[in-house]
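As provided, data_36.txt (compact mmCIF, C-alpha atoms and all ligand atoms) reads as follows.
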# COMPACT_ATOMS: atom_id res chain seq x y z
CA MET A 1 120.34 91.42 92.26
CA VAL A 2 117.44 93.75 91.46
CA THR A 3 115.57 92.37 88.47
CA HIS A 4 112.36 94.34 88.77
CA ARG A 5 111.51 97.97 89.23
CA ALA A 6 110.43 99.78 92.36
CA ILE A 7 108.01 102.71 92.46
CA LEU A 8 108.52 104.17 95.92
CA SER A 9 108.34 107.81 94.85
CA ILE A 10 107.18 109.85 91.88
CA ASP A 11 110.92 110.52 91.47
CA ASP A 12 111.36 106.85 90.47
CA LEU A 13 109.47 107.58 87.24
CA THR A 14 110.80 109.45 84.23
CA ASP A 15 108.48 111.56 82.12
CA SER A 16 108.35 108.77 79.57
CA ASP A 17 107.50 106.23 82.32
CA VAL A 18 104.53 108.40 83.33
CA SER A 19 103.40 108.66 79.68
CA ARG A 20 103.76 104.91 79.28
CA ILE A 21 101.67 104.24 82.42
CA PHE A 22 98.96 106.69 81.27
CA PHE A 23 98.96 105.14 77.78
CA ALA A 24 98.51 101.63 79.22
CA ALA A 25 95.79 102.87 81.62
CA ARG A 26 93.84 104.23 78.65
CA GLY A 27 93.97 100.86 76.87
CA SER A 28 91.78 97.81 77.34
CA LEU A 29 92.84 94.95 79.61
CA SER A 30 93.39 92.74 76.58
CA GLU A 31 94.05 88.99 76.45
CA SER A 32 97.68 89.64 75.52
CA ARG A 33 98.16 91.81 78.62
CA LYS A 34 96.62 89.06 80.77
CA ALA A 35 98.56 86.24 79.11
CA ARG A 36 101.96 87.54 80.17
CA LEU A 37 100.84 87.98 83.79
CA ARG A 38 98.98 84.72 84.28
CA GLY A 39 100.68 82.80 87.09
CA ARG A 40 102.42 85.89 88.53
CA VAL A 41 101.48 86.85 92.10
CA LEU A 42 100.80 90.26 93.62
CA MET A 43 101.10 90.47 97.41
CA THR A 44 99.58 93.37 99.35
CA VAL A 45 101.25 94.09 102.68
CA PHE A 46 99.38 96.88 104.45
CA PHE A 47 100.41 97.71 108.00
CA GLU A 48 97.83 100.52 107.97
CA SER A 49 94.18 100.31 107.02
CA SER A 50 93.04 100.99 103.48
CA THR A 51 89.94 100.68 101.34
CA ARG A 52 90.83 102.06 97.91
CA THR A 53 94.56 101.44 97.50
CA ARG A 54 94.70 97.81 98.63
CA LEU A 55 91.50 96.72 96.95
CA SER A 56 92.19 98.50 93.68
CA PHE A 57 95.68 96.97 93.43
CA GLU A 58 94.02 93.60 94.08
CA MET A 59 91.26 94.35 91.53
CA ALA A 60 93.93 95.34 89.02
CA ALA A 61 95.76 92.07 89.62
CA HIS A 62 92.48 90.13 89.20
CA ARG A 63 91.80 91.95 85.93
CA LEU A 64 95.32 91.03 84.76
CA SER A 65 94.76 87.34 85.64
CA MET A 66 97.40 87.41 88.36
CA GLY A 67 97.27 85.52 91.62
CA ILE A 68 96.74 87.60 94.76
CA SER A 69 98.04 87.13 98.26
CA THR A 70 96.81 89.47 101.01
CA PHE A 71 98.70 89.99 104.24
CA GLN A 72 96.30 90.91 107.07
CA VAL A 73 97.95 92.37 110.15
CA ALA A 74 95.15 91.41 112.55
CA SER A 75 95.19 87.71 111.65
CA SER A 76 98.98 87.49 111.21
CA SER A 77 101.61 86.29 113.65
CA MET A 78 102.31 89.92 114.53
CA SER A 79 99.57 89.27 117.10
CA LYS A 80 102.03 86.82 118.70
CA GLY A 81 104.76 89.44 118.89
CA GLU A 82 106.55 89.09 115.54
CA ALA A 83 107.93 92.48 114.48
CA GLU A 84 107.24 94.28 111.20
CA ALA A 85 110.84 93.79 110.01
CA GLU A 86 110.82 89.99 110.51
CA THR A 87 107.34 89.77 109.04
CA LEU A 88 108.57 91.50 105.89
CA GLU A 89 111.66 89.24 105.64
CA ASN A 90 109.35 86.21 105.70
CA LEU A 91 106.89 87.62 103.17
CA PHE A 92 109.68 88.46 100.71
CA ALA A 93 111.13 84.96 101.21
CA MET A 94 107.91 83.61 99.64
CA SER A 95 108.99 85.31 96.37
CA PRO A 96 105.86 87.13 95.24
CA ASP A 97 106.37 88.88 91.91
CA VAL A 98 105.06 92.26 93.06
CA VAL A 99 104.71 93.56 96.62
CA VAL A 100 102.62 96.62 97.46
CA ILE A 101 103.52 97.99 100.90
CA ARG A 102 101.75 100.53 103.09
CA GLN A 103 103.44 101.48 106.32
CA ALA A 104 103.39 104.22 108.95
CA SER A 105 106.94 105.46 108.27
CA THR A 106 109.00 106.26 105.18
CA ILE A 107 110.05 103.11 103.31
CA ASP A 108 113.79 102.49 103.66
CA ARG A 109 114.82 101.89 100.06
CA SER A 110 118.18 100.34 101.00
CA ARG A 111 116.41 97.54 102.81
CA TYR A 112 115.03 96.23 99.52
CA ALA A 113 118.19 96.63 97.44
CA GLN A 114 118.68 92.88 97.15
CA THR A 115 115.12 91.80 96.54
CA ASN A 116 114.11 90.59 93.12
CA CYS A 117 110.41 91.33 93.73
CA ALA A 118 108.93 94.44 92.17
CA LEU A 119 108.02 96.89 94.89
CA ILE A 120 105.31 99.57 94.95
CA ASN A 121 104.70 102.12 97.69
CA GLY A 122 101.03 102.01 98.72
CA GLY A 123 101.55 105.02 101.01
CA ASP A 124 104.40 105.50 103.50
CA GLY A 125 103.84 107.74 106.49
CA VAL A 126 103.78 111.42 105.53
CA ASN A 127 106.20 110.77 102.69
CA GLU A 128 104.60 109.69 99.39
CA HIS A 129 101.65 107.95 97.76
CA PRO A 130 102.75 107.63 94.13
CA SER A 131 99.86 105.49 92.85
CA GLN A 132 97.38 108.06 94.19
CA ALA A 133 99.16 110.93 92.41
CA LEU A 134 99.31 108.93 89.18
CA LEU A 135 95.59 108.16 89.26
CA ASP A 136 94.73 111.75 90.23
CA CYS A 137 96.75 113.25 87.38
CA PHE A 138 95.51 110.57 84.98
CA THR A 139 91.93 111.49 85.90
CA LEU A 140 92.63 115.15 85.18
CA THR A 141 94.34 114.48 81.84
CA GLN A 142 91.41 112.25 80.86
CA TYR A 143 88.87 114.92 81.87
CA PHE A 144 90.73 117.72 80.09
CA ARG A 145 91.52 115.43 77.11
CA THR A 146 95.20 116.37 77.21
CA ASP A 147 98.50 114.55 77.73
CA SER A 148 99.77 117.09 80.25
CA LEU A 149 98.45 119.56 82.82
CA ALA A 150 100.24 122.51 81.21
CA GLY A 151 98.57 125.76 82.15
CA LYS A 152 96.19 124.17 84.66
CA ASN A 153 95.64 125.95 87.97
CA ILE A 154 95.14 123.45 90.79
CA LEU A 155 94.22 124.13 94.43
CA LEU A 156 94.94 121.64 97.23
CA ILE A 157 93.02 122.39 100.44
CA GLY A 158 93.63 121.01 103.91
CA ASP A 159 96.29 119.18 105.86
CA VAL A 160 99.17 119.61 103.43
CA ALA A 161 101.86 118.96 106.06
CA HIS A 162 100.81 115.41 106.88
CA SER A 163 99.51 114.41 103.44
CA ARG A 164 101.57 111.94 101.42
CA VAL A 165 98.98 112.47 98.68
CA ALA A 166 99.85 116.20 98.58
CA HIS A 167 103.58 115.44 98.48
CA SER A 168 103.36 113.03 95.52
CA ASN A 169 100.80 115.19 93.73
CA LEU A 170 102.91 118.33 94.06
CA LYS A 171 105.77 116.48 92.34
CA LEU A 172 103.66 115.01 89.55
CA MET A 173 101.28 117.92 88.93
CA THR A 174 104.13 120.42 88.61
CA ARG A 175 106.10 117.98 86.44
CA LEU A 176 103.07 117.79 84.13
CA GLY A 177 102.99 121.59 83.92
CA ALA A 178 100.32 122.59 86.45
CA ARG A 179 100.51 125.53 88.86
CA VAL A 180 99.74 124.24 92.36
CA THR A 181 98.46 126.42 95.23
CA PHE A 182 97.99 125.18 98.80
CA LEU A 183 95.23 126.46 101.05
CA ALA A 184 95.94 125.28 104.60
CA PRO A 185 95.66 126.48 108.18
CA ASP A 186 99.01 127.67 109.55
CA VAL A 187 99.36 124.51 111.68
CA PHE A 188 99.18 122.35 108.54
CA GLN A 189 101.57 124.35 106.39
CA GLU A 190 104.78 122.50 105.97
CA PRO A 191 108.17 124.12 106.45
CA GLY A 192 110.73 123.31 103.80
CA ALA A 193 110.32 122.54 100.15
CA LEU A 194 106.56 122.75 100.06
CA LEU A 195 106.63 126.32 101.34
CA GLN A 196 108.18 127.36 98.07
CA GLN A 197 104.75 126.62 96.67
CA ARG A 198 102.24 129.42 96.81
CA THR A 199 100.47 128.81 100.14
CA VAL A 200 97.56 130.77 101.62
CA SER A 201 95.60 130.42 104.87
CA SER A 202 92.10 131.46 103.86
CA PHE A 203 89.68 131.34 100.94
CA ASP A 204 89.57 135.16 101.04
CA GLU A 205 93.19 135.31 99.86
CA LEU A 206 92.26 133.56 96.62
CA ASP A 207 91.02 135.70 93.78
CA ASP A 208 92.01 133.49 90.85
CA GLN A 209 90.06 130.81 89.01
CA PHE A 210 91.01 127.16 89.29
CA ASP A 211 90.70 124.22 86.92
CA ALA A 212 90.73 121.63 89.71
CA VAL A 213 90.46 121.59 93.47
CA MET A 214 91.48 118.70 95.72
CA CYS A 215 90.26 118.38 99.31
CA LEU A 216 92.50 116.65 101.86
CA ARG A 217 91.29 115.28 105.16
CA VAL A 218 93.05 116.11 108.43
CA GLN A 219 95.48 113.21 108.98
CA LYS A 220 94.78 112.92 112.71
CA GLU A 221 96.71 109.66 113.00
CA ARG A 222 99.95 111.43 111.93
CA ILE A 223 99.80 114.54 114.11
CA GLN A 224 102.50 114.04 116.74
CA ASP A 225 103.23 117.59 117.87
CA GLY A 226 99.66 118.20 119.08
CA LYS A 227 99.29 121.16 116.69
CA SER A 228 95.88 120.93 115.10
CA ILE A 229 92.53 122.68 114.90
CA SER A 230 89.13 121.29 115.84
CA ASP A 231 86.88 119.61 113.27
CA LEU A 232 84.40 122.43 113.81
CA GLU A 233 86.94 125.17 113.08
CA PHE A 234 88.37 123.24 110.14
CA ALA A 235 84.88 122.81 108.66
CA GLU A 236 84.01 126.48 109.17
CA ARG A 237 87.20 127.80 107.59
CA TYR A 238 88.16 125.16 104.99
CA SER A 239 85.23 122.93 104.08
CA LEU A 240 84.58 122.97 100.33
CA THR A 241 80.99 124.18 100.30
CA GLU A 242 79.00 124.86 97.13
CA GLU A 243 79.29 128.60 97.71
CA ARG A 244 83.11 128.44 97.99
CA LEU A 245 83.26 126.13 95.00
CA GLU A 246 81.47 128.63 92.79
CA ARG A 247 83.93 131.37 93.85
CA LEU A 248 86.85 129.18 92.68
CA GLY A 249 85.55 129.04 89.11
CA HIS A 250 84.35 126.19 86.94
CA CYS A 251 86.72 123.68 88.56
CA VAL A 252 86.44 119.93 88.92
CA ILE A 253 86.55 118.37 92.38
CA LEU A 254 88.97 115.69 93.53
CA HIS A 255 89.35 113.88 96.85
CA PRO A 256 91.72 110.93 97.37
CA GLY A 257 89.53 109.44 100.10
CA PRO A 258 88.69 108.58 102.75
CA MET A 259 86.25 111.49 102.86
CA ASN A 260 84.96 113.02 106.06
CA ILE A 261 81.69 114.47 104.82
CA GLY A 262 80.83 117.66 106.69
CA ILE A 263 84.45 118.41 107.59
CA GLU A 264 86.75 118.98 104.57
CA ILE A 265 83.94 118.58 102.03
CA THR A 266 80.15 118.75 102.06
CA LYS A 267 77.90 116.05 100.63
CA ALA A 268 76.69 118.49 97.97
CA THR A 269 80.21 119.15 96.65
CA ALA A 270 81.37 115.52 97.00
CA TYR A 271 78.48 114.45 94.74
CA HIS A 272 78.43 117.64 92.64
CA PRO A 273 78.08 117.20 88.85
CA ARG A 274 81.73 118.36 88.51
CA SER A 275 82.99 115.89 91.13
CA LEU A 276 85.49 113.36 89.72
CA ILE A 277 85.85 111.50 93.02
CA LEU A 278 84.36 108.20 91.89
CA GLU A 279 86.11 108.58 88.54
CA GLN A 280 89.38 108.69 90.53
CA VAL A 281 88.46 105.39 92.16
CA LYS A 282 87.51 103.81 88.83
CA ASN A 283 90.74 105.01 87.23
CA GLY A 284 92.70 103.72 90.22
CA VAL A 285 92.24 100.14 89.02
CA LEU A 286 93.42 100.98 85.48
CA VAL A 287 96.40 103.05 86.59
CA ARG A 288 97.49 100.46 89.14
CA ALA A 289 97.26 97.70 86.52
CA ALA A 290 99.58 99.80 84.36
CA MET A 291 101.95 100.33 87.32
CA ILE A 292 102.15 96.58 87.96
CA GLU A 293 103.05 95.98 84.30
CA HIS A 294 105.56 98.83 84.35
CA CYS A 295 107.34 97.20 87.30
CA LEU A 296 107.50 93.75 85.70
CA PHE A 297 108.24 94.46 82.02
N1 LIG B 301 93.44 107.35 99.04
C1 LIG B 301 93.76 106.30 99.81
O1 LIG B 301 94.94 106.02 100.05
O2 LIG B 301 92.68 105.62 100.28
P1 LIG B 301 92.78 104.33 101.22
O3 LIG B 301 93.41 104.75 102.52
O4 LIG B 301 91.37 103.85 101.38
O5 LIG B 301 93.65 103.32 100.52
Represent the supplied structure as C-alpha cells.
Ligand code: CP
Amino acid sequence: MVTHRAILSIDDLTDSDVSRIFFAARGSLSESRKARLRGRVLMTVFFESSTRTRLSFEMAAHRLSMGISTFQVASSSMSKGEAEAETLENLFAMSPDVVVIRQASTIDRSRYAQTNCALINGGDGVNEHPSQALLDCFTLTQYFRTDSLAGKNILLIGDVAHSRVAHSNLKLMTRLGARVTFLAPDVFQEPGALLQQRTVSSFDELDDQFDAVMCLRVQKERIQDGKSISDLEFAERYSLTEERLERLGHCVILHPGPMNIGIEITKATAYHPRSLILEQVKNGVLVRAAMIEHCLF
C-alpha cells in the first residue's frame, strides 16, 4: 500500500502542489516544522556522483531535524557483485521514511508501487530532475518577486537532448507561464516533444530580449551515439560570454551545476552581478526541505 507520495516527475505535482512547495520554501524552518519530522529518516541512494543534489537533500533533512542515511556505491557491497536491483530491495527493506534516488536510467515507477517510503527522483538518466526545476523556478519567482513566470522569456543554452534539467524545467517553466527557447547545436537538439519548442542553432538567430538564461553543460557521460562537438567548438559557438550576455538583454544567469568554466560559461558570466547560480544552490536546501515535507504530509 502506498502511504506516501512520490515525486519522480514534474507531472507528479499539481499547480497547487508547486505553490505549496514554494510557499513552504519561503518560510522559516520553524520548530513546529522540525518537531513533526524528528525521528524520521531520509536515505540518499545515488548510483551516480553528485555534489549539490545529494548534499542539499541531506542539509535539508538536517535542518528539519531528521536522521540521515547515505548509501555510498564505492563502499557498498556492490563492489562484491551485488546488483543495483537487489541493493535497492535491501535498502527499502530498512524502511527509511524518504528515499532520494539518482540513477543512470529512467526510474521504473511500477517497481515502487508497493513501497510505503516516500520517493524523490534525484535525477534519472536523461529523463527528469524535478527538484532542480523546482529550485530553478523558485529562484526566478523569488528574484522577480512574483508567484508565476507569466510573460517571462527564458533561454536554455547547450545540450538540451541529454539534459534531465532541461526536460523538467521545460515542463515547469511553461506551466508557470514562461516562454522557453532552446539554443543548441544540431547534434544536441532533441527529436520529439522538445522540438515543438522554439529551437535555434546559433546566437545570431536570436534578436529578442530575455529575462533569464540558463547554461547547460555537455552531458558527455550520456552521449551514446557518438554525436557530439568538441569542447573547443562548443565554447566558441555557445559559451555564454559577457558580450553575448549583453546582447540577450538585462537577463539573470542560471546554471544547475556542475559548471565547466571556459566551456558553456565563462568565469566572468558565472560570477556576474546578475548571476543567480549560488542563489540556486542556497534555495536548493529550502526547496528540497519543502519537497520532503510535501511527500510525508
Ligand atoms: N545540478 C545537479 O544535479 O548537480 P549535482 O550533479 O552536483 O547534484
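Atom CA of Ile253 of chain A is positioned 20.4 Å from atom CA of Arg175 of chain A.
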Quiz prompt | Surroundings of ligand LIG 301 (chain B) up to 10 Å, based on all atoms listed in the file, as JSON, numbers by chain | solution = {"A": [46, 48, 49, 50, 51, 52, 53, 54, 55, 56, 57, 102, 122, 123, 129, 130, 131, 132, 133, 136, 164, 165, 216, 255, 256, 257, 258, 259, 280, 281, 284]}
Practice problem: Please identify all polymer residues within 12 Å of Arg217 of chain A, counting only C-alpha atoms, omitting same-chain residues fewer than 3 positions from it, and present them as a PyMOL selection string. | Solution: chain A and resi 156-166+184+188+214+220-222+231+234-235+238-240+254-265
Quiz item: For Ala290 of chain A, which residue out of A:Leu134, A:Asn121, A:Phe182, A:Phe144 is the nearest one, using all atoms listed in the file?
Solution: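 For Ala290 of chain A, the nearest of the given residues is A:Leu134.
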Exercise. Name the residues, using the chain letters and numbers of the file, that sit within 7 Å of (101.0, 90.1, 93.1) when counting all atoms listed in the file, and give them as a VMD selection string.
Key: chain A and resid 40 to 43 61 66 to 69 96 to 99
